[in-house]
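Text of entry38.cif (mmCIF, N, CA and C atoms) as supplied:
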```
data_work
#
loop_
_atom_site.label_atom_id
_atom_site.label_comp_id
_atom_site.auth_asym_id
_atom_site.auth_seq_id
_atom_site.Cartn_x
_atom_site.Cartn_y
_atom_site.Cartn_z
N MET A 1 -24.70 66.01 -197.56
CA MET A 1 -25.01 64.61 -197.77
C MET A 1 -25.77 64.48 -199.09
N SER A 2 -25.40 63.51 -199.87
CA SER A 2 -26.05 63.24 -201.14
C SER A 2 -27.25 62.32 -200.92
N THR A 3 -28.36 62.63 -201.58
CA THR A 3 -29.54 61.76 -201.48
C THR A 3 -29.70 61.01 -202.79
N PRO A 4 -30.18 59.78 -202.69
CA PRO A 4 -30.35 59.00 -203.92
C PRO A 4 -31.55 59.50 -204.74
N ASP A 5 -31.55 59.14 -206.00
CA ASP A 5 -32.73 59.37 -206.83
C ASP A 5 -33.68 58.23 -206.51
N TRP A 6 -34.76 58.53 -205.81
CA TRP A 6 -35.69 57.51 -205.35
C TRP A 6 -36.53 57.03 -206.51
N PRO A 7 -36.70 55.71 -206.65
CA PRO A 7 -37.51 55.16 -207.75
C PRO A 7 -39.01 55.41 -207.52
N ALA A 8 -39.77 55.32 -208.58
CA ALA A 8 -41.23 55.49 -208.49
C ALA A 8 -41.87 54.36 -207.69
N LEU A 9 -41.32 53.16 -207.75
CA LEU A 9 -41.80 52.00 -206.98
C LEU A 9 -40.66 51.51 -206.10
N MET A 10 -40.98 51.21 -204.84
CA MET A 10 -39.95 50.82 -203.88
C MET A 10 -40.33 49.56 -203.13
N SER A 11 -39.31 48.78 -202.78
CA SER A 11 -39.51 47.64 -201.88
C SER A 11 -39.84 48.19 -200.50
N VAL A 12 -40.30 47.33 -199.61
CA VAL A 12 -40.63 47.77 -198.25
C VAL A 12 -39.39 48.32 -197.56
N GLU A 13 -38.24 47.72 -197.81
CA GLU A 13 -37.00 48.20 -197.20
C GLU A 13 -36.67 49.61 -197.68
N LYS A 14 -36.80 49.82 -198.97
CA LYS A 14 -36.48 51.13 -199.54
C LYS A 14 -37.54 52.16 -199.14
N ALA A 15 -38.81 51.76 -199.09
CA ALA A 15 -39.87 52.68 -198.67
C ALA A 15 -39.64 53.15 -197.24
N ALA A 16 -39.26 52.23 -196.36
CA ALA A 16 -38.96 52.61 -194.98
C ALA A 16 -37.77 53.56 -194.93
N ALA A 17 -36.75 53.27 -195.73
CA ALA A 17 -35.59 54.16 -195.78
C ALA A 17 -35.98 55.53 -196.32
N TYR A 18 -36.86 55.56 -197.31
CA TYR A 18 -37.33 56.81 -197.90
C TYR A 18 -37.99 57.70 -196.84
N LEU A 19 -38.74 57.07 -195.92
CA LEU A 19 -39.39 57.82 -194.84
C LEU A 19 -38.49 57.95 -193.61
N ASP A 20 -37.31 57.33 -193.67
CA ASP A 20 -36.34 57.37 -192.58
C ASP A 20 -36.92 56.80 -191.29
N VAL A 21 -37.61 55.66 -191.42
CA VAL A 21 -38.16 54.95 -190.27
C VAL A 21 -37.81 53.47 -190.40
N SER A 22 -38.01 52.72 -189.33
CA SER A 22 -37.79 51.28 -189.40
C SER A 22 -38.89 50.64 -190.24
N GLU A 23 -38.67 49.42 -190.67
CA GLU A 23 -39.69 48.71 -191.43
C GLU A 23 -40.95 48.49 -190.59
N LYS A 24 -40.78 48.24 -189.29
CA LYS A 24 -41.93 48.05 -188.40
C LYS A 24 -42.74 49.34 -188.31
N THR A 25 -42.08 50.47 -188.14
CA THR A 25 -42.78 51.75 -188.07
C THR A 25 -43.44 52.06 -189.40
N PHE A 26 -42.74 51.78 -190.49
CA PHE A 26 -43.31 52.02 -191.82
C PHE A 26 -44.59 51.20 -191.99
N ALA A 27 -44.55 49.93 -191.62
CA ALA A 27 -45.73 49.07 -191.77
C ALA A 27 -46.91 49.63 -190.97
N ALA A 28 -46.64 50.10 -189.75
CA ALA A 28 -47.70 50.67 -188.92
C ALA A 28 -48.24 51.95 -189.54
N MET A 29 -47.36 52.83 -190.01
CA MET A 29 -47.78 54.08 -190.63
C MET A 29 -48.63 53.82 -191.87
N ALA A 30 -48.18 52.90 -192.70
CA ALA A 30 -48.89 52.60 -193.94
C ALA A 30 -50.27 52.03 -193.63
N ALA A 31 -50.33 51.09 -192.70
CA ALA A 31 -51.61 50.48 -192.34
C ALA A 31 -52.57 51.51 -191.75
N MET A 32 -52.05 52.37 -190.90
CA MET A 32 -52.88 53.39 -190.26
C MET A 32 -53.49 54.37 -191.25
N ASN A 33 -52.76 54.60 -192.33
CA ASN A 33 -53.18 55.63 -193.28
C ASN A 33 -53.72 55.05 -194.59
N GLY A 34 -53.93 53.73 -194.61
CA GLY A 34 -54.52 53.09 -195.79
C GLY A 34 -53.62 53.08 -197.01
N VAL A 35 -52.32 53.19 -196.80
CA VAL A 35 -51.38 53.13 -197.92
C VAL A 35 -51.04 51.67 -198.16
N ARG A 36 -51.30 51.22 -199.39
CA ARG A 36 -51.10 49.81 -199.72
C ARG A 36 -50.11 49.68 -200.87
N PRO A 37 -49.40 48.56 -200.91
CA PRO A 37 -48.48 48.34 -202.02
C PRO A 37 -49.25 48.04 -203.31
N VAL A 38 -48.57 48.14 -204.41
CA VAL A 38 -49.15 47.78 -205.71
C VAL A 38 -48.56 46.45 -206.15
N GLU A 39 -49.33 45.74 -206.96
CA GLU A 39 -48.84 44.48 -207.52
C GLU A 39 -48.25 44.77 -208.88
N THR A 40 -47.04 44.28 -209.10
CA THR A 40 -46.36 44.53 -210.37
C THR A 40 -46.72 43.52 -211.45
N GLY A 41 -47.38 42.43 -211.06
CA GLY A 41 -47.71 41.38 -212.01
C GLY A 41 -46.68 40.27 -212.01
N PHE A 42 -45.65 40.44 -211.21
CA PHE A 42 -44.59 39.43 -211.13
C PHE A 42 -44.44 38.91 -209.71
N ARG A 43 -45.55 38.89 -208.97
CA ARG A 43 -45.56 38.48 -207.56
C ARG A 43 -44.57 39.30 -206.73
N VAL A 44 -44.45 40.56 -207.10
CA VAL A 44 -43.58 41.48 -206.38
C VAL A 44 -44.43 42.67 -205.95
N LEU A 45 -44.45 42.97 -204.67
CA LEU A 45 -45.18 44.12 -204.17
C LEU A 45 -44.22 45.31 -204.06
N ARG A 46 -44.69 46.45 -204.47
CA ARG A 46 -43.89 47.67 -204.38
C ARG A 46 -44.77 48.81 -203.89
N TRP A 47 -44.15 49.80 -203.30
CA TRP A 47 -44.82 50.98 -202.77
C TRP A 47 -44.57 52.14 -203.71
N ARG A 48 -45.63 52.88 -204.05
CA ARG A 48 -45.50 54.05 -204.92
C ARG A 48 -44.91 55.22 -204.14
N ARG A 49 -43.92 55.86 -204.73
CA ARG A 49 -43.32 57.04 -204.11
C ARG A 49 -44.37 58.13 -203.90
N ARG A 50 -45.25 58.32 -204.86
CA ARG A 50 -46.27 59.39 -204.72
C ARG A 50 -47.22 59.09 -203.57
N ASP A 51 -47.54 57.80 -203.31
CA ASP A 51 -48.38 57.44 -202.16
C ASP A 51 -47.66 57.75 -200.85
N LEU A 52 -46.35 57.50 -200.83
CA LEU A 52 -45.56 57.80 -199.63
C LEU A 52 -45.49 59.31 -199.40
N ASP A 53 -45.35 60.06 -200.47
CA ASP A 53 -45.33 61.52 -200.35
C ASP A 53 -46.67 62.04 -199.83
N GLN A 54 -47.76 61.47 -200.31
CA GLN A 54 -49.09 61.88 -199.82
C GLN A 54 -49.26 61.52 -198.35
N LEU A 55 -48.73 60.38 -197.94
CA LEU A 55 -48.77 59.98 -196.54
C LEU A 55 -48.05 61.02 -195.69
N VAL A 56 -46.86 61.40 -196.10
CA VAL A 56 -46.10 62.40 -195.35
C VAL A 56 -46.86 63.72 -195.29
N ASP A 57 -47.43 64.13 -196.41
CA ASP A 57 -48.16 65.40 -196.46
C ASP A 57 -49.39 65.38 -195.55
N SER A 58 -49.95 64.19 -195.29
CA SER A 58 -51.16 64.10 -194.46
C SER A 58 -50.86 64.07 -192.97
N LEU A 59 -49.60 63.89 -192.59
CA LEU A 59 -49.26 63.81 -191.17
C LEU A 59 -49.35 65.19 -190.52
N PRO A 60 -49.91 65.26 -189.31
CA PRO A 60 -50.02 66.55 -188.64
C PRO A 60 -48.65 67.01 -188.14
N ALA A 61 -48.43 68.30 -188.18
CA ALA A 61 -47.19 68.86 -187.64
C ALA A 61 -47.20 68.74 -186.13
N LYS A 62 -46.05 68.53 -185.55
CA LYS A 62 -45.94 68.43 -184.09
C LYS A 62 -46.46 69.72 -183.47
N GLY A 63 -47.32 69.56 -182.49
CA GLY A 63 -47.88 70.71 -181.81
C GLY A 63 -49.14 71.25 -182.46
N SER A 64 -49.53 70.70 -183.63
CA SER A 64 -50.72 71.20 -184.30
C SER A 64 -52.00 70.67 -183.68
N ASP A 65 -51.89 69.60 -182.89
CA ASP A 65 -53.05 69.02 -182.21
C ASP A 65 -52.73 68.92 -180.73
N PRO A 66 -52.90 70.02 -179.98
CA PRO A 66 -52.49 70.01 -178.58
C PRO A 66 -53.23 69.00 -177.72
N SER A 67 -54.42 68.56 -178.12
CA SER A 67 -55.17 67.62 -177.29
C SER A 67 -54.73 66.18 -177.45
N GLY A 68 -53.97 65.86 -178.54
CA GLY A 68 -53.65 64.46 -178.77
C GLY A 68 -52.18 64.15 -178.91
N GLY A 69 -51.31 65.09 -178.63
CA GLY A 69 -49.88 64.87 -178.79
C GLY A 69 -49.33 63.91 -177.76
N VAL A 70 -48.21 63.30 -178.08
CA VAL A 70 -47.55 62.38 -177.17
C VAL A 70 -46.40 63.12 -176.51
N ALA A 71 -46.39 63.17 -175.20
CA ALA A 71 -45.28 63.80 -174.49
C ALA A 71 -44.05 62.93 -174.63
N ARG A 72 -42.94 63.56 -174.96
CA ARG A 72 -41.70 62.81 -175.12
C ARG A 72 -41.18 62.40 -173.75
N GLN A 73 -40.93 61.12 -173.60
CA GLN A 73 -40.42 60.58 -172.35
C GLN A 73 -38.89 60.66 -172.37
N PRO A 74 -38.26 60.82 -171.22
CA PRO A 74 -36.80 60.79 -171.19
C PRO A 74 -36.29 59.48 -171.78
N GLY A 75 -35.33 59.58 -172.66
CA GLY A 75 -34.76 58.40 -173.29
C GLY A 75 -35.54 57.88 -174.48
N MET A 76 -36.67 58.50 -174.83
CA MET A 76 -37.47 58.05 -175.97
C MET A 76 -36.80 58.56 -177.25
N ASP A 77 -36.46 57.65 -178.16
CA ASP A 77 -35.85 58.09 -179.41
C ASP A 77 -36.93 58.48 -180.42
N SER A 78 -36.52 59.06 -181.53
CA SER A 78 -37.49 59.56 -182.50
C SER A 78 -38.34 58.44 -183.09
N ALA A 79 -37.78 57.23 -183.26
CA ALA A 79 -38.56 56.12 -183.80
C ALA A 79 -39.65 55.72 -182.80
N ALA A 80 -39.30 55.67 -181.53
CA ALA A 80 -40.30 55.33 -180.50
C ALA A 80 -41.36 56.42 -180.43
N GLU A 81 -40.94 57.66 -180.55
CA GLU A 81 -41.90 58.76 -180.53
C GLU A 81 -42.83 58.67 -181.74
N GLY A 82 -42.27 58.36 -182.90
CA GLY A 82 -43.08 58.22 -184.11
C GLY A 82 -44.08 57.08 -183.98
N LEU A 83 -43.63 55.95 -183.43
CA LEU A 83 -44.53 54.81 -183.26
C LEU A 83 -45.63 55.15 -182.26
N ALA A 84 -45.27 55.88 -181.19
CA ALA A 84 -46.27 56.30 -180.22
C ALA A 84 -47.32 57.18 -180.88
N ASN A 85 -46.88 58.06 -181.77
CA ASN A 85 -47.83 58.92 -182.48
C ASN A 85 -48.73 58.11 -183.41
N VAL A 86 -48.16 57.11 -184.09
CA VAL A 86 -48.97 56.25 -184.96
C VAL A 86 -50.01 55.50 -184.13
N GLU A 87 -49.59 54.99 -182.99
CA GLU A 87 -50.53 54.27 -182.13
C GLU A 87 -51.62 55.22 -181.61
N ARG A 88 -51.25 56.45 -181.29
CA ARG A 88 -52.23 57.44 -180.83
C ARG A 88 -53.24 57.73 -181.93
N LEU A 89 -52.76 57.89 -183.16
CA LEU A 89 -53.67 58.14 -184.28
C LEU A 89 -54.61 56.96 -184.50
N ALA A 90 -54.09 55.75 -184.35
CA ALA A 90 -54.92 54.55 -184.52
C ALA A 90 -56.03 54.53 -183.48
N GLN A 91 -55.68 54.84 -182.25
CA GLN A 91 -56.68 54.85 -181.19
C GLN A 91 -57.75 55.91 -181.47
N ARG A 92 -57.34 57.07 -181.93
CA ARG A 92 -58.30 58.13 -182.22
C ARG A 92 -59.23 57.73 -183.36
N ARG A 93 -58.69 57.03 -184.37
CA ARG A 93 -59.52 56.61 -185.50
C ARG A 93 -60.49 55.51 -185.11
N ARG A 94 -60.15 54.76 -184.07
CA ARG A 94 -61.06 53.72 -183.58
C ARG A 94 -62.10 54.30 -182.63
N GLY A 95 -62.02 55.60 -182.37
CA GLY A 95 -63.03 56.25 -181.54
C GLY A 95 -62.59 56.53 -180.13
N GLY A 96 -61.38 56.12 -179.76
CA GLY A 96 -60.87 56.42 -178.42
C GLY A 96 -60.16 57.75 -178.41
N ARG A 97 -59.93 58.29 -177.28
CA ARG A 97 -59.19 59.57 -177.17
C ARG A 97 -58.01 59.38 -176.32
#
```
File written out as structure tokens:
Amino acid sequence: MSTPDWPALMSVEKAAAYLDVSEKTFAAMAAMNGVRPVETGFRVLRWRRRDLDQLVDSLPAKGSDPSGGVARQPGMDSAAEGLANVERLAQRRRGGR
């Protein structure tokens, strides 16, 4: 499969595609990790590829945190599992376990 040459700045649609998640999951991931779009000066918001790469690099590997992992439910797809993990991380950052 051929992959595109990803631009340095991406729309929310392209940023979500870059991370291979839905726009809703992307928005949750970005908010959880403090990743914010940049203003181009033309009332257009874009996401930096390097910020997205840093976000990915900061995510824990599955199984690296045995006390906080989300058990996969039968029928749970990878997007739902990813969103569950984002929600779990949010709860942990708010002080819950």
Could you write out as AutoDock Vina command-line options the box around range 14-17 of chain A (axis-aligned, all atoms listed in the file, 5 Å on each side), with centre and edge lengths in Å to one decimal?
```
--center_x -37.7 --center_y 52.7 --center_z -197.2 --size_x 14.3 --size_y 15.7 --size_z 14.6
```
Completion exercise
Min atom-atom distance to Glu87 in chain A from the set A:Val35, A:Ala27, A:Val44, A:Ala61, counting only C-alpha atoms, belongs to A:Ala27
Exercise for the section: Would you kindly return, as a VMD selection string, each protein, DNA or RNA residue with an atom no farther than 7 Å from any atom of Arg46 in chain A, considering all atoms listed in the file and excluding same-chain residues fewer than 4 positions away? Expected result: chain A and resid 9 to 12 36 to 40
Exercise for the section: Mind giving me the straight-line distance from CA of Gly41 in chain A to atom N of Ala28 in chain A in Å, one decimal? Expected result: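 Calculated distance between CA of Gly41 in chain A and atom N of Ala28 in chain A is 23.9 Å.
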Practice task
Run through the PyMOL selection byres (((chain A and resi 52 and name CA) around 9) and name CA) on the given coordinates and return the selected residues as a list in words.
Solution key: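 In the shown coordinates, the PyMOL selection byres (((chain A and resi 52 and name CA) around 9) and name CA) covers Ala15, Tyr18, Leu19, Ala30, Val35, Trp47, Arg48, Arg49, Arg50, Asp51, Asp53, Gln54, Leu55, Val56 and Asp57 of chain A.
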Handout entry: Using only C-alpha atoms: which of A:Lys62, A:Ala80, A:Arg43, A:Met32 has the shortest distance to Arg92 in chain A
Key =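 Residue with the minimum atom-to-atom distance to Arg92 in chain A: A:Met32.
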Problem - Sel. of helix (DSSP H, G or I) residues, range 6-78 of chain A, as a ChimeraX atom specification - result: /A:12-19,23-32,49-58,78
Problem - Point-to-point distance in Å for CA of Thr25 in chain A and atom N of Asn85 in chain A - result: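 Computing it gives 9.8 Å between the two atoms.
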